[in-house]
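Peer 1: Have a look at the structure that comes next, please.
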Amino acid sequence: GESVGLHLPTLSVQEGDNSIINCAYSNSASDYFIWYKQESGKGPQFIIDIRSNMDKRQGQRVTVLLNKTVKHLSLQIAATQPGDSAVYFCAEKGAGKSTFGDGTTLTVKP
Amino acid sequence: NAGVTQTPKFQVLKTGQSMTLQCAQDMNHEYMSWYRQDPGMGLRLIHYSVGAGITDQGEVPNGYNVSRSTTEDFPLRLLSAAPSQTSVYFCASRRGSSYEQYFGPGTRLTVT
């Protein structure tokens, strides 16, 4: 079946460093990808999305890169701040339902 | 806008009991969904609705019922609670023209 998975369950970075969170997907027909941020005790919150006809999309301090050849996408957070500490997970939308990855827990050390 | 609201925040049930998890949104979104989140398994879709009067099954529908009598409300019913239904439940909504989902704060359910 289709799957979405993150490469590392946890990531620890120093405040001010850049963070890179990776995600692999299996469904070649996926045409839309979303990154969500989930803080402790809260629901997921949309961060940024990218369509399959794009390689890169930038937001405020965040960039998503999509490599369709190897079915991989990444979320880059520039100048990571303590408020960025959360669980991040990717989701893909193919023909039909969405599939969510498990999540990477990002910890920002002061 | 309040966004997506869910009640209750926490609930403990005994095996065999039934209950309804409430979800409401005030954004006039057509699409609403219910997910459960379990450690190591990501978000899994239980049921969804593309508009008032229309519901459909997701990935893990067994043991749950839904209805959508209004655009705003999408309650999830547990018919006879089982320990396997211990989880965190999230309701989400989105416009029909967008895939960006807005999630509620979640309901943490424990079935003993």
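By convention in this document, the chains of the structure tokens carry letters A, B, ... by their order, each chain's residues are numbered from 1, and ligands are numbered from 1 in the order they are shown.
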Pull out every residue of chain B sitting within 12 Å of chain A, counting only C-alpha atoms, and send them as an mmCIF file with all heavy atoms, in the first residue's frame.
Peer 2:
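Saved as part-v2.cif:
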```cif
data_model
loop_
_atom_site.group_PDB
_atom_site.id
_atom_site.type_symbol
_atom_site.label_atom_id
_atom_site.label_comp_id
_atom_site.auth_asym_id
_atom_site.auth_seq_id
_atom_site.Cartn_x
_atom_site.Cartn_y
_atom_site.Cartn_z
ATOM 1 N N GLY B 3 -12.593 28.596 14.413
ATOM 2 C CA GLY B 3 -11.921 27.537 13.677
ATOM 3 C C GLY B 3 -12.637 26.209 13.885
ATOM 4 O O GLY B 3 -13.858 26.140 13.803
ATOM 5 N N VAL B 4 -11.862 25.169 14.192
ATOM 6 C CA VAL B 4 -12.416 23.844 14.451
ATOM 7 C C VAL B 4 -12.383 23.604 15.957
ATOM 8 O O VAL B 4 -11.329 23.709 16.582
ATOM 9 C CB VAL B 4 -11.615 22.742 13.725
ATOM 10 C CG1 VAL B 4 -12.216 21.372 14.021
ATOM 11 C CG2 VAL B 4 -11.580 23.003 12.221
ATOM 12 N N THR B 5 -13.516 23.303 16.531
ATOM 13 C CA THR B 5 -13.591 23.038 17.964
ATOM 14 C C THR B 5 -14.014 21.592 18.191
ATOM 15 O O THR B 5 -14.806 21.033 17.415
ATOM 16 C CB THR B 5 -14.584 23.980 18.666
ATOM 17 O OG1 THR B 5 -15.875 23.838 18.055
ATOM 18 C CG2 THR B 5 -14.129 25.422 18.530
ATOM 19 N N GLN B 6 -13.477 21.013 19.249
ATOM 20 C CA GLN B 6 -13.802 19.631 19.604
ATOM 21 C C GLN B 6 -14.114 19.543 21.086
ATOM 22 O O GLN B 6 -13.457 20.198 21.904
ATOM 23 C CB GLN B 6 -12.614 18.695 19.311
ATOM 24 C CG GLN B 6 -12.304 18.481 17.851
ATOM 25 C CD GLN B 6 -11.171 17.510 17.669
ATOM 26 O OE1 GLN B 6 -10.149 17.842 17.074
ATOM 27 N NE2 GLN B 6 -11.339 16.275 18.135
ATOM 28 N N LYS B 9 -12.244 17.421 25.679
ATOM 29 C CA LYS B 9 -10.795 17.337 25.503
ATOM 30 C C LYS B 9 -10.269 15.984 25.965
ATOM 31 O O LYS B 9 -9.319 15.442 25.422
ATOM 32 C CB LYS B 9 -10.102 18.451 26.282
ATOM 33 C CG LYS B 9 -10.238 19.802 25.656
ATOM 34 C CD LYS B 9 -9.243 20.782 26.271
ATOM 35 C CE LYS B 9 -9.450 22.201 25.834
ATOM 36 N NZ LYS B 9 -9.590 22.365 24.414
ATOM 37 N N PHE B 10 -10.853 15.467 27.028
ATOM 38 C CA PHE B 10 -10.455 14.175 27.586
ATOM 39 C C PHE B 10 -11.707 13.368 27.900
ATOM 40 O O PHE B 10 -12.735 13.937 28.267
ATOM 41 C CB PHE B 10 -9.640 14.338 28.881
ATOM 42 C CG PHE B 10 -8.414 15.167 28.728
ATOM 43 C CD1 PHE B 10 -8.432 16.519 28.997
ATOM 44 C CD2 PHE B 10 -7.234 14.587 28.316
ATOM 45 C CE1 PHE B 10 -7.287 17.293 28.858
ATOM 46 C CE2 PHE B 10 -6.086 15.341 28.180
ATOM 47 C CZ PHE B 10 -6.113 16.703 28.449
ATOM 48 N N SER B 33 -13.390 15.831 8.330
ATOM 49 C CA SER B 33 -12.818 14.486 8.481
ATOM 50 C C SER B 33 -12.554 14.196 9.938
ATOM 51 O O SER B 33 -12.337 15.115 10.734
ATOM 52 C CB SER B 33 -11.483 14.385 7.724
ATOM 53 O OG SER B 33 -11.627 14.702 6.358
ATOM 54 N N TYR B 35 -9.869 11.811 12.244
ATOM 55 C CA TYR B 35 -8.657 11.011 12.263
ATOM 56 C C TYR B 35 -8.419 10.495 13.676
ATOM 57 O O TYR B 35 -8.820 11.118 14.646
ATOM 58 C CB TYR B 35 -7.438 11.846 11.866
ATOM 59 C CG TYR B 35 -7.441 12.359 10.448
ATOM 60 C CD1 TYR B 35 -8.030 13.586 10.132
ATOM 61 C CD2 TYR B 35 -6.836 11.638 9.418
ATOM 62 C CE1 TYR B 35 -8.020 14.082 8.827
ATOM 63 C CE2 TYR B 35 -6.828 12.123 8.113
ATOM 64 C CZ TYR B 35 -7.420 13.332 7.840
ATOM 65 O OH TYR B 35 -7.401 13.812 6.550
ATOM 66 N N ARG B 36 -7.708 9.402 13.761
ATOM 67 C CA ARG B 36 -7.154 8.989 15.032
ATOM 68 C C ARG B 36 -5.631 8.980 14.906
ATOM 69 O O ARG B 36 -5.072 8.699 13.826
ATOM 70 C CB ARG B 36 -7.680 7.626 15.470
ATOM 71 C CG ARG B 36 -7.429 6.483 14.547
ATOM 72 C CD ARG B 36 -7.972 5.172 15.146
ATOM 73 N NE ARG B 36 -7.175 4.719 16.293
ATOM 74 C CZ ARG B 36 -7.503 3.706 17.087
ATOM 75 N NH1 ARG B 36 -8.634 3.014 16.878
ATOM 76 N NH2 ARG B 36 -6.735 3.371 18.094
ATOM 77 N N GLN B 37 -4.972 9.328 15.999
ATOM 78 C CA GLN B 37 -3.513 9.404 15.997
ATOM 79 C C GLN B 37 -2.971 8.492 17.076
ATOM 80 O O GLN B 37 -3.253 8.691 18.260
ATOM 81 C CB GLN B 37 -3.049 10.846 16.246
ATOM 82 C CG GLN B 37 -1.550 11.035 16.086
ATOM 83 C CD GLN B 37 -1.143 12.494 16.217
ATOM 84 O OE1 GLN B 37 -1.630 13.217 17.085
ATOM 85 N NE2 GLN B 37 -0.253 12.939 15.347
ATOM 86 N N ASP B 38 -2.218 7.510 16.665
ATOM 87 C CA ASP B 38 -1.616 6.559 17.582
ATOM 88 C C ASP B 38 -0.104 6.591 17.408
ATOM 89 O O ASP B 38 0.388 6.806 16.303
ATOM 90 C CB ASP B 38 -2.143 5.150 17.288
ATOM 91 C CG ASP B 38 -3.645 5.063 17.399
ATOM 92 O OD1 ASP B 38 -4.142 5.189 18.529
ATOM 93 O OD2 ASP B 38 -4.325 4.904 16.367
ATOM 94 N N PRO B 39 0.646 6.341 18.474
ATOM 95 C CA PRO B 39 2.114 6.394 18.388
ATOM 96 C C PRO B 39 2.627 5.474 17.285
ATOM 97 O O PRO B 39 2.244 4.301 17.200
ATOM 98 C CB PRO B 39 2.549 5.911 19.772
ATOM 99 C CG PRO B 39 1.400 6.229 20.667
ATOM 100 C CD PRO B 39 0.173 6.040 19.825
ATOM 101 N N GLY B 40 3.518 6.009 16.449
ATOM 102 C CA GLY B 40 4.147 5.200 15.411
ATOM 103 C C GLY B 40 3.280 4.888 14.225
ATOM 104 O O GLY B 40 3.699 4.158 13.326
ATOM 105 N N MET B 41 2.036 5.442 14.175
ATOM 106 C CA MET B 41 1.132 5.083 13.074
ATOM 107 C C MET B 41 0.620 6.302 12.316
ATOM 108 O O MET B 41 -0.155 6.169 11.395
ATOM 109 C CB MET B 41 -0.043 4.260 13.608
ATOM 110 C CG MET B 41 0.402 2.983 14.291
ATOM 111 S SD MET B 41 -0.951 1.870 14.644
ATOM 112 C CE MET B 41 -1.260 1.217 13.009
ATOM 113 N N GLY B 42 1.029 7.482 12.712
ATOM 114 C CA GLY B 42 0.566 8.652 11.992
ATOM 115 C C GLY B 42 -0.920 8.875 12.162
ATOM 116 O O GLY B 42 -1.590 8.227 12.963
ATOM 117 N N LEU B 43 -1.452 9.780 11.393
ATOM 118 C CA LEU B 43 -2.886 10.061 11.390
ATOM 119 C C LEU B 43 -3.587 9.094 10.437
ATOM 120 O O LEU B 43 -3.191 8.952 9.282
ATOM 121 C CB LEU B 43 -3.147 11.493 10.924
ATOM 122 C CG LEU B 43 -2.856 12.599 11.927
ATOM 123 C CD1 LEU B 43 -2.808 13.940 11.231
ATOM 124 C CD2 LEU B 43 -3.914 12.611 13.007
ATOM 125 N N ARG B 44 -4.635 8.473 10.926
ATOM 126 C CA ARG B 44 -5.399 7.557 10.066
ATOM 127 C C ARG B 44 -6.839 8.054 9.966
ATOM 128 O O ARG B 44 -7.464 8.376 10.969
ATOM 129 C CB ARG B 44 -5.341 6.132 10.618
ATOM 130 C CG ARG B 44 -3.956 5.505 10.512
ATOM 131 C CD ARG B 44 -3.981 4.061 11.004
ATOM 132 N NE ARG B 44 -4.230 3.988 12.432
ATOM 133 C CZ ARG B 44 -4.545 2.852 13.068
ATOM 134 N NH1 ARG B 44 -4.679 1.723 12.390
ATOM 135 N NH2 ARG B 44 -4.748 2.863 14.371
ATOM 136 N N LEU B 45 -7.345 8.044 8.745
ATOM 137 C CA LEU B 45 -8.661 8.583 8.465
ATOM 138 C C LEU B 45 -9.741 7.581 8.874
ATOM 139 O O LEU B 45 -9.719 6.421 8.450
ATOM 140 C CB LEU B 45 -8.770 8.909 6.976
ATOM 141 C CG LEU B 45 -10.064 9.525 6.488
ATOM 142 C CD1 LEU B 45 -10.271 10.908 7.109
ATOM 143 C CD2 LEU B 45 -10.060 9.635 4.962
ATOM 144 N N ILE B 46 -10.711 8.056 9.659
ATOM 145 C CA ILE B 46 -11.793 7.192 10.122
ATOM 146 C C ILE B 46 -13.004 7.330 9.190
ATOM 147 O O ILE B 46 -13.456 6.368 8.575
ATOM 148 C CB ILE B 46 -12.199 7.536 11.563
ATOM 149 C CG1 ILE B 46 -11.007 7.465 12.501
ATOM 150 C CG2 ILE B 46 -13.305 6.594 12.048
ATOM 151 C CD1 ILE B 46 -11.289 7.984 13.905
ATOM 152 N N HIS B 47 -13.541 8.546 9.128
ATOM 153 C CA HIS B 47 -14.657 8.875 8.237
ATOM 154 C C HIS B 47 -14.453 10.291 7.728
ATOM 155 O O HIS B 47 -13.759 11.082 8.360
ATOM 156 C CB HIS B 47 -15.999 8.808 8.983
ATOM 157 C CG HIS B 47 -16.505 7.445 9.257
ATOM 158 N ND1 HIS B 47 -17.056 6.624 8.296
ATOM 159 C CD2 HIS B 47 -16.565 6.741 10.420
ATOM 160 C CE1 HIS B 47 -17.439 5.476 8.846
ATOM 161 N NE2 HIS B 47 -17.148 5.524 10.142
ATOM 162 N N TYR B 48 -15.089 10.603 6.616
ATOM 163 C CA TYR B 48 -15.032 11.960 6.124
ATOM 164 C C TYR B 48 -16.361 12.325 5.468
ATOM 165 O O TYR B 48 -17.193 11.449 5.184
ATOM 166 C CB TYR B 48 -13.866 12.161 5.164
ATOM 167 C CG TYR B 48 -13.956 11.383 3.870
ATOM 168 C CD1 TYR B 48 -14.418 11.985 2.696
ATOM 169 C CD2 TYR B 48 -13.579 10.040 3.809
ATOM 170 C CE1 TYR B 48 -14.493 11.282 1.513
ATOM 171 C CE2 TYR B 48 -13.653 9.328 2.623
ATOM 172 C CZ TYR B 48 -14.100 9.946 1.487
ATOM 173 O OH TYR B 48 -14.184 9.245 0.302
ATOM 174 N N ASP B 56 -18.599 9.265 4.148
ATOM 175 C CA ASP B 56 -17.960 8.098 3.543
ATOM 176 C C ASP B 56 -16.919 7.554 4.494
ATOM 177 O O ASP B 56 -16.444 8.259 5.392
ATOM 178 C CB ASP B 56 -17.330 8.440 2.203
ATOM 179 C CG ASP B 56 -17.309 7.235 1.267
ATOM 180 O OD1 ASP B 56 -17.448 6.086 1.749
ATOM 181 O OD2 ASP B 56 -17.149 7.424 0.051
ATOM 182 N N GLN B 57 -16.568 6.294 4.291
ATOM 183 C CA GLN B 57 -15.606 5.636 5.162
ATOM 184 C C GLN B 57 -14.184 5.962 4.752
ATOM 185 O O GLN B 57 -13.878 6.104 3.579
ATOM 186 C CB GLN B 57 -15.819 4.119 5.102
ATOM 187 C CG GLN B 57 -17.161 3.666 5.638
ATOM 188 C CD GLN B 57 -17.304 2.157 5.614
ATOM 189 O OE1 GLN B 57 -16.512 1.462 4.968
ATOM 190 N NE2 GLN B 57 -18.293 1.647 6.312
ATOM 191 N N GLY B 58 -13.336 6.023 5.777
ATOM 192 C CA GLY B 58 -11.923 6.200 5.531
ATOM 193 C C GLY B 58 -11.179 4.888 5.676
ATOM 194 O O GLY B 58 -11.688 3.824 5.325
ATOM 195 N N GLU B 59 -10.010 4.976 6.228
ATOM 196 C CA GLU B 59 -9.107 3.835 6.328
ATOM 197 C C GLU B 59 -9.489 2.876 7.457
ATOM 198 O O GLU B 59 -9.352 1.653 7.337
ATOM 199 C CB GLU B 59 -7.691 4.364 6.548
ATOM 200 C CG GLU B 59 -6.589 3.345 6.579
ATOM 201 C CD GLU B 59 -5.243 4.007 6.872
ATOM 202 O OE1 GLU B 59 -5.182 5.271 6.923
ATOM 203 O OE2 GLU B 59 -4.264 3.280 7.069
ATOM 204 N N VAL B 88 -5.917 9.406 20.361
ATOM 205 C CA VAL B 88 -6.236 10.822 20.277
ATOM 206 C C VAL B 88 -6.972 11.038 18.954
ATOM 207 O O VAL B 88 -6.487 10.632 17.896
ATOM 208 C CB VAL B 88 -4.987 11.714 20.336
ATOM 209 C CG1 VAL B 88 -5.387 13.185 20.282
ATOM 210 C CG2 VAL B 88 -4.181 11.430 21.600
ATOM 211 N N TYR B 89 -8.129 11.675 19.057
ATOM 212 C CA TYR B 89 -8.982 11.859 17.886
ATOM 213 C C TYR B 89 -8.957 13.327 17.450
ATOM 214 O O TYR B 89 -9.137 14.231 18.261
ATOM 215 C CB TYR B 89 -10.413 11.432 18.204
ATOM 216 C CG TYR B 89 -10.535 9.951 18.403
ATOM 217 C CD1 TYR B 89 -10.258 9.363 19.641
ATOM 218 C CD2 TYR B 89 -10.900 9.126 17.351
ATOM 219 C CE1 TYR B 89 -10.345 7.990 19.813
ATOM 220 C CE2 TYR B 89 -10.995 7.760 17.513
ATOM 221 C CZ TYR B 89 -10.716 7.193 18.741
ATOM 222 O OH TYR B 89 -10.798 5.827 18.914
ATOM 223 N N PHE B 90 -8.739 13.516 16.164
ATOM 224 C CA PHE B 90 -8.713 14.862 15.603
ATOM 225 C C PHE B 90 -9.781 15.004 14.530
ATOM 226 O O PHE B 90 -9.945 14.124 13.678
ATOM 227 C CB PHE B 90 -7.353 15.184 14.987
ATOM 228 C CG PHE B 90 -6.268 15.383 15.993
ATOM 229 C CD1 PHE B 90 -5.359 14.374 16.250
ATOM 230 C CD2 PHE B 90 -6.161 16.582 16.678
ATOM 231 C CE1 PHE B 90 -4.352 14.552 17.180
ATOM 232 C CE2 PHE B 90 -5.152 16.770 17.611
ATOM 233 C CZ PHE B 90 -4.254 15.755 17.865
ATOM 234 N N CYS B 91 -10.462 16.124 14.595
ATOM 235 C CA CYS B 91 -11.398 16.505 13.548
ATOM 236 C C CYS B 91 -10.708 17.567 12.697
ATOM 237 O O CYS B 91 -9.931 18.376 13.215
ATOM 238 C CB CYS B 91 -12.669 17.059 14.188
ATOM 239 S SG CYS B 91 -13.924 17.624 13.024
ATOM 240 N N ALA B 92 -10.980 17.563 11.404
ATOM 241 C CA ALA B 92 -10.367 18.537 10.501
ATOM 242 C C ALA B 92 -11.389 18.979 9.471
ATOM 243 O O ALA B 92 -12.342 18.258 9.157
ATOM 244 C CB ALA B 92 -9.144 17.940 9.804
ATOM 245 N N SER B 93 -11.166 20.170 8.947
ATOM 246 C CA SER B 93 -12.045 20.665 7.889
ATOM 247 C C SER B 93 -11.213 21.383 6.836
ATOM 248 O O SER B 93 -10.080 21.807 7.096
ATOM 249 C CB SER B 93 -13.114 21.610 8.448
ATOM 250 O OG SER B 93 -12.547 22.860 8.812
ATOM 251 N N ARG B 94 -11.747 21.505 5.642
ATOM 252 C CA ARG B 94 -11.092 22.266 4.575
ATOM 253 C C ARG B 94 -12.123 22.694 3.544
ATOM 254 O O ARG B 94 -13.209 22.128 3.457
ATOM 255 C CB ARG B 94 -9.990 21.459 3.902
ATOM 256 C CG ARG B 94 -10.473 20.235 3.117
ATOM 257 C CD ARG B 94 -9.293 19.588 2.391
ATOM 258 N NE ARG B 94 -9.640 18.347 1.723
ATOM 259 C CZ ARG B 94 -10.019 18.258 0.434
ATOM 260 N NH1 ARG B 94 -10.133 19.349 -0.293
ATOM 261 N NH2 ARG B 94 -10.287 17.071 -0.103
ATOM 262 N N SER B 98 -9.319 23.449 -1.744
ATOM 263 C CA SER B 98 -7.971 23.433 -1.174
ATOM 264 C C SER B 98 -7.740 22.122 -0.433
ATOM 265 O O SER B 98 -8.671 21.529 0.097
ATOM 266 C CB SER B 98 -7.811 24.611 -0.205
ATOM 267 O OG SER B 98 -6.622 24.487 0.559
ATOM 268 N N TYR B 99 -6.475 21.687 -0.398
ATOM 269 C CA TYR B 99 -6.138 20.508 0.392
ATOM 270 C C TYR B 99 -5.644 20.869 1.793
ATOM 271 O O TYR B 99 -5.350 19.986 2.587
ATOM 272 C CB TYR B 99 -5.053 19.685 -0.324
ATOM 273 C CG TYR B 99 -5.533 19.035 -1.595
ATOM 274 C CD1 TYR B 99 -4.780 19.113 -2.756
ATOM 275 C CD2 TYR B 99 -6.739 18.345 -1.645
ATOM 276 C CE1 TYR B 99 -5.208 18.512 -3.932
ATOM 277 C CE2 TYR B 99 -7.177 17.746 -2.814
ATOM 278 C CZ TYR B 99 -6.403 17.833 -3.954
ATOM 279 O OH TYR B 99 -6.832 17.255 -5.119
ATOM 280 N N GLU B 100 -5.520 22.136 2.099
ATOM 281 C CA GLU B 100 -5.047 22.558 3.410
ATOM 282 C C GLU B 100 -6.123 22.284 4.444
ATOM 283 O O GLU B 100 -7.215 22.857 4.382
ATOM 284 C CB GLU B 100 -4.697 24.034 3.402
ATOM 285 C CG GLU B 100 -4.229 24.542 4.763
ATOM 286 C CD GLU B 100 -3.970 26.033 4.763
ATOM 287 O OE1 GLU B 100 -3.861 26.612 3.655
ATOM 288 O OE2 GLU B 100 -3.889 26.617 5.861
ATOM 289 N N GLN B 101 -5.801 21.428 5.391
ATOM 290 C CA GLN B 101 -6.771 21.064 6.415
ATOM 291 C C GLN B 101 -6.519 21.853 7.692
ATOM 292 O O GLN B 101 -5.382 22.119 8.067
ATOM 293 C CB GLN B 101 -6.694 19.571 6.736
ATOM 294 C CG GLN B 101 -7.037 18.686 5.549
ATOM 295 C CD GLN B 101 -7.428 17.293 5.961
ATOM 296 O OE1 GLN B 101 -8.499 17.060 6.505
ATOM 297 N NE2 GLN B 101 -6.563 16.331 5.695
ATOM 298 N N TYR B 102 -7.591 22.214 8.345
ATOM 299 C CA TYR B 102 -7.547 22.878 9.644
ATOM 300 C C TYR B 102 -7.989 21.853 10.687
ATOM 301 O O TYR B 102 -9.079 21.302 10.585
ATOM 302 C CB TYR B 102 -8.485 24.080 9.661
ATOM 303 C CG TYR B 102 -8.067 25.190 8.731
ATOM 304 C CD1 TYR B 102 -8.273 25.094 7.353
ATOM 305 C CD2 TYR B 102 -7.465 26.342 9.222
ATOM 306 C CE1 TYR B 102 -7.875 26.101 6.492
ATOM 307 C CE2 TYR B 102 -7.077 27.373 8.371
ATOM 308 C CZ TYR B 102 -7.283 27.231 7.005
ATOM 309 O OH TYR B 102 -6.889 28.239 6.162
ATOM 310 N N PHE B 103 -7.125 21.634 11.664
ATOM 311 C CA PHE B 103 -7.391 20.618 12.670
ATOM 312 C C PHE B 103 -7.898 21.237 13.965
ATOM 313 O O PHE B 103 -7.505 22.336 14.349
ATOM 314 C CB PHE B 103 -6.119 19.820 12.973
ATOM 315 C CG PHE B 103 -5.744 18.844 11.889
ATOM 316 C CD1 PHE B 103 -5.019 19.256 10.791
ATOM 317 C CD2 PHE B 103 -6.125 17.509 11.982
ATOM 318 C CE1 PHE B 103 -4.671 18.357 9.783
ATOM 319 C CE2 PHE B 103 -5.782 16.603 10.986
ATOM 320 C CZ PHE B 103 -5.055 17.029 9.887
ATOM 321 N N GLY B 104 -8.749 20.466 14.650
ATOM 322 C CA GLY B 104 -9.164 20.841 15.985
ATOM 323 C C GLY B 104 -8.092 20.459 16.993
ATOM 324 O O GLY B 104 -7.081 19.852 16.640
ATOM 325 N N PRO B 105 -8.296 20.792 18.274
ATOM 326 C CA PRO B 105 -7.278 20.534 19.304
ATOM 327 C C PRO B 105 -7.199 19.075 19.745
ATOM 328 O O PRO B 105 -6.254 18.702 20.440
ATOM 329 C CB PRO B 105 -7.712 21.430 20.462
ATOM 330 C CG PRO B 105 -9.197 21.550 20.283
ATOM 331 C CD PRO B 105 -9.442 21.540 18.809
ATOM 332 N N GLY B 106 -8.163 18.255 19.358
ATOM 333 C CA GLY B 106 -8.096 16.834 19.673
ATOM 334 C C GLY B 106 -8.880 16.442 20.917
ATOM 335 O O GLY B 106 -9.130 17.257 21.811
ATOM 336 N N THR B 107 -9.277 15.179 20.944
ATOM 337 C CA THR B 107 -9.902 14.552 22.113
ATOM 338 C C THR B 107 -9.082 13.322 22.462
ATOM 339 O O THR B 107 -8.887 12.445 21.628
ATOM 340 C CB THR B 107 -11.354 14.120 21.809
ATOM 341 O OG1 THR B 107 -12.169 15.266 21.582
ATOM 342 C CG2 THR B 107 -11.920 13.311 22.975
ATOM 343 N N ARG B 108 -8.592 13.294 23.699
ATOM 344 C CA ARG B 108 -7.820 12.132 24.156
ATOM 345 C C ARG B 108 -8.775 11.162 24.822
ATOM 346 O O ARG B 108 -9.357 11.475 25.852
ATOM 347 C CB ARG B 108 -6.718 12.575 25.120
ATOM 348 C CG ARG B 108 -5.797 11.440 25.545
ATOM 349 C CD ARG B 108 -4.618 11.962 26.370
ATOM 350 N NE ARG B 108 -3.732 12.807 25.585
ATOM 351 C CZ ARG B 108 -2.738 12.381 24.841
ATOM 352 N NH1 ARG B 108 -2.481 11.082 24.753
ATOM 353 N NH2 ARG B 108 -1.981 13.218 24.195
#
```
Peer 1: With a distance cut-off of 9 Å and only C-alpha atoms, select the neighbouring residues of region 73-78 of chain A, excluding the residue or stretch itself and same-chain residues fewer than 4 positions from it, and output the selection as a PyMOL selection string.
Peer 2: chain A and resi 16-25+33+35+48+60-68+84+88+90
Peer 1: So which residues of region 26-58 of chain A fall under strand (DSSP E) by DSSP, listed as a ChimeraX atom specification?
Peer 2: /A:32-38,45-51,56-58
Peer 1: Take the residues that were just selected and, keeping N, CA, C and O atoms, output them as a compact mmCIF listing (two decimals), in the first residue's frame.
Peer 2:
```txt
# COMPACT_ATOMS: atom_id res chain seq x y z
N TYR A 32 0.41 16.18 -4.52
CA TYR A 32 0.36 17.32 -3.60
C TYR A 32 0.91 16.86 -2.26
O TYR A 32 0.57 15.78 -1.77
N PHE A 33 1.73 17.71 -1.67
CA PHE A 33 2.38 17.36 -0.40
C PHE A 33 2.26 18.54 0.57
O PHE A 33 2.33 19.70 0.17
N ILE A 34 2.09 18.19 1.83
CA ILE A 34 1.93 19.20 2.87
C ILE A 34 2.84 18.86 4.04
O ILE A 34 2.99 17.68 4.38
N TRP A 35 3.39 19.87 4.65
CA TRP A 35 4.10 19.72 5.92
C TRP A 35 3.24 20.32 7.02
O TRP A 35 2.73 21.44 6.88
N TYR A 36 3.10 19.55 8.12
CA TYR A 36 2.37 20.02 9.28
C TYR A 36 3.30 20.09 10.48
O TYR A 36 4.25 19.32 10.61
N LYS A 37 2.97 20.99 11.39
CA LYS A 37 3.67 21.13 12.67
C LYS A 37 2.65 20.83 13.77
O LYS A 37 1.53 21.34 13.73
N GLN A 38 3.04 19.98 14.72
CA GLN A 38 2.14 19.67 15.81
C GLN A 38 2.84 19.89 17.14
O GLN A 38 3.78 19.16 17.49
N GLN A 45 -0.87 21.70 12.48
CA GLN A 45 -1.05 23.03 11.91
C GLN A 45 -0.30 23.07 10.58
O GLN A 45 0.87 22.69 10.51
N PHE A 46 -0.96 23.53 9.55
CA PHE A 46 -0.36 23.63 8.23
C PHE A 46 0.85 24.56 8.24
O PHE A 46 0.82 25.64 8.84
N ILE A 47 1.94 24.11 7.60
CA ILE A 47 3.13 24.97 7.48
C ILE A 47 3.30 25.43 6.04
O ILE A 47 3.34 26.62 5.74
N ILE A 48 3.40 24.46 5.13
CA ILE A 48 3.69 24.79 3.74
C ILE A 48 3.30 23.60 2.88
O ILE A 48 3.29 22.46 3.35
N ASP A 49 2.98 23.87 1.63
CA ASP A 49 2.61 22.79 0.72
C ASP A 49 3.38 22.94 -0.59
O ASP A 49 4.00 23.96 -0.87
N ILE A 50 3.36 21.89 -1.38
CA ILE A 50 4.00 21.93 -2.68
C ILE A 50 3.29 20.97 -3.61
O ILE A 50 2.89 19.86 -3.21
N ARG A 51 3.10 21.39 -4.83
CA ARG A 51 2.49 20.52 -5.84
C ARG A 51 3.56 19.75 -6.58
O ARG A 51 4.72 20.16 -6.63
N LYS A 56 10.53 23.21 -5.60
CA LYS A 56 10.90 24.00 -4.41
C LYS A 56 9.83 25.03 -4.16
O LYS A 56 9.25 25.59 -5.09
N ARG A 57 9.57 25.25 -2.89
CA ARG A 57 8.65 26.31 -2.52
C ARG A 57 9.13 26.90 -1.21
O ARG A 57 9.51 26.17 -0.29
N GLN A 58 9.09 28.23 -1.14
CA GLN A 58 9.61 28.90 0.05
C GLN A 58 8.51 29.64 0.75
O GLN A 58 7.62 30.24 0.14
```
Peer 1: Give me the residues near Pro8 (chain B) as a list in words, where near means some atom within 8 Å (using only C-alpha atoms) and where sequence neighbours in that chain fewer than 3 positions away do not count.
Peer 2: Gln11, Leu21, Gln22 and Thr107 of chain B
Peer 1: One number please: CA of Asp73 (chain B) to CA of Cys23 (chain B), in Å, one decimal.
Peer 2: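 The value is 5.8 Å.
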Peer 1: Name the closest residue to Lys71 (chain A) among the candidates A:Ser85, A:Thr105, A:Gln14, A:Ser52; distances are taken between atoms, counting only C-alpha atoms.
Peer 2: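 So, comparing all the options, the nearest one is A:Ser52.
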Peer 1: For Pro82 (chain A), find every residue with an atom within 9 Å (counting only C-alpha atoms), except residues of its own chain fewer than 5 positions away, and show them as a ChimeraX atom specification.
Peer 2: /A:15,107-110
Peer 1: Generate a file of the selected residues that holds N, CA, C and O atoms, formatted as a PDB file, in the first residue's frame.
Peer 2:
```pdb
ATOM      1  N   GLU A  15      19.751  26.345  18.780  1.00  0.00           N
ATOM      2  CA  GLU A  15      19.030  27.558  18.391  1.00  0.00           C
ATOM      3  C   GLU A  15      19.882  28.366  17.419  1.00  0.00           C
ATOM      4  O   GLU A  15      21.075  28.558  17.631  1.00  0.00           O
ATOM      5  N   THR A 107      13.724  19.091  18.478  1.00  0.00           N
ATOM      6  CA  THR A 107      14.037  19.736  19.753  1.00  0.00           C
ATOM      7  C   THR A 107      15.082  20.797  19.490  1.00  0.00           C
ATOM      8  O   THR A 107      16.122  20.520  18.874  1.00  0.00           O
ATOM      9  N   VAL A 108      14.830  22.009  19.947  1.00  0.00           N
ATOM     10  CA  VAL A 108      15.752  23.116  19.745  1.00  0.00           C
ATOM     11  C   VAL A 108      16.443  23.417  21.069  1.00  0.00           C
ATOM     12  O   VAL A 108      15.778  23.759  22.055  1.00  0.00           O
ATOM     13  N   LYS A 109      17.756  23.289  21.077  1.00  0.00           N
ATOM     14  CA  LYS A 109      18.525  23.524  22.292  1.00  0.00           C
ATOM     15  C   LYS A 109      18.967  24.976  22.352  1.00  0.00           C
ATOM     16  O   LYS A 109      19.453  25.519  21.371  1.00  0.00           O
ATOM     17  N   PRO A 110      18.774  25.613  23.510  1.00  0.00           N
ATOM     18  CA  PRO A 110      19.148  27.038  23.612  1.00  0.00           C
ATOM     19  C   PRO A 110      20.658  27.242  23.622  1.00  0.00           C
ATOM     20  O   PRO A 110      21.407  26.332  23.910  1.00  0.00           O
TER      21      PRO A 110
END
```
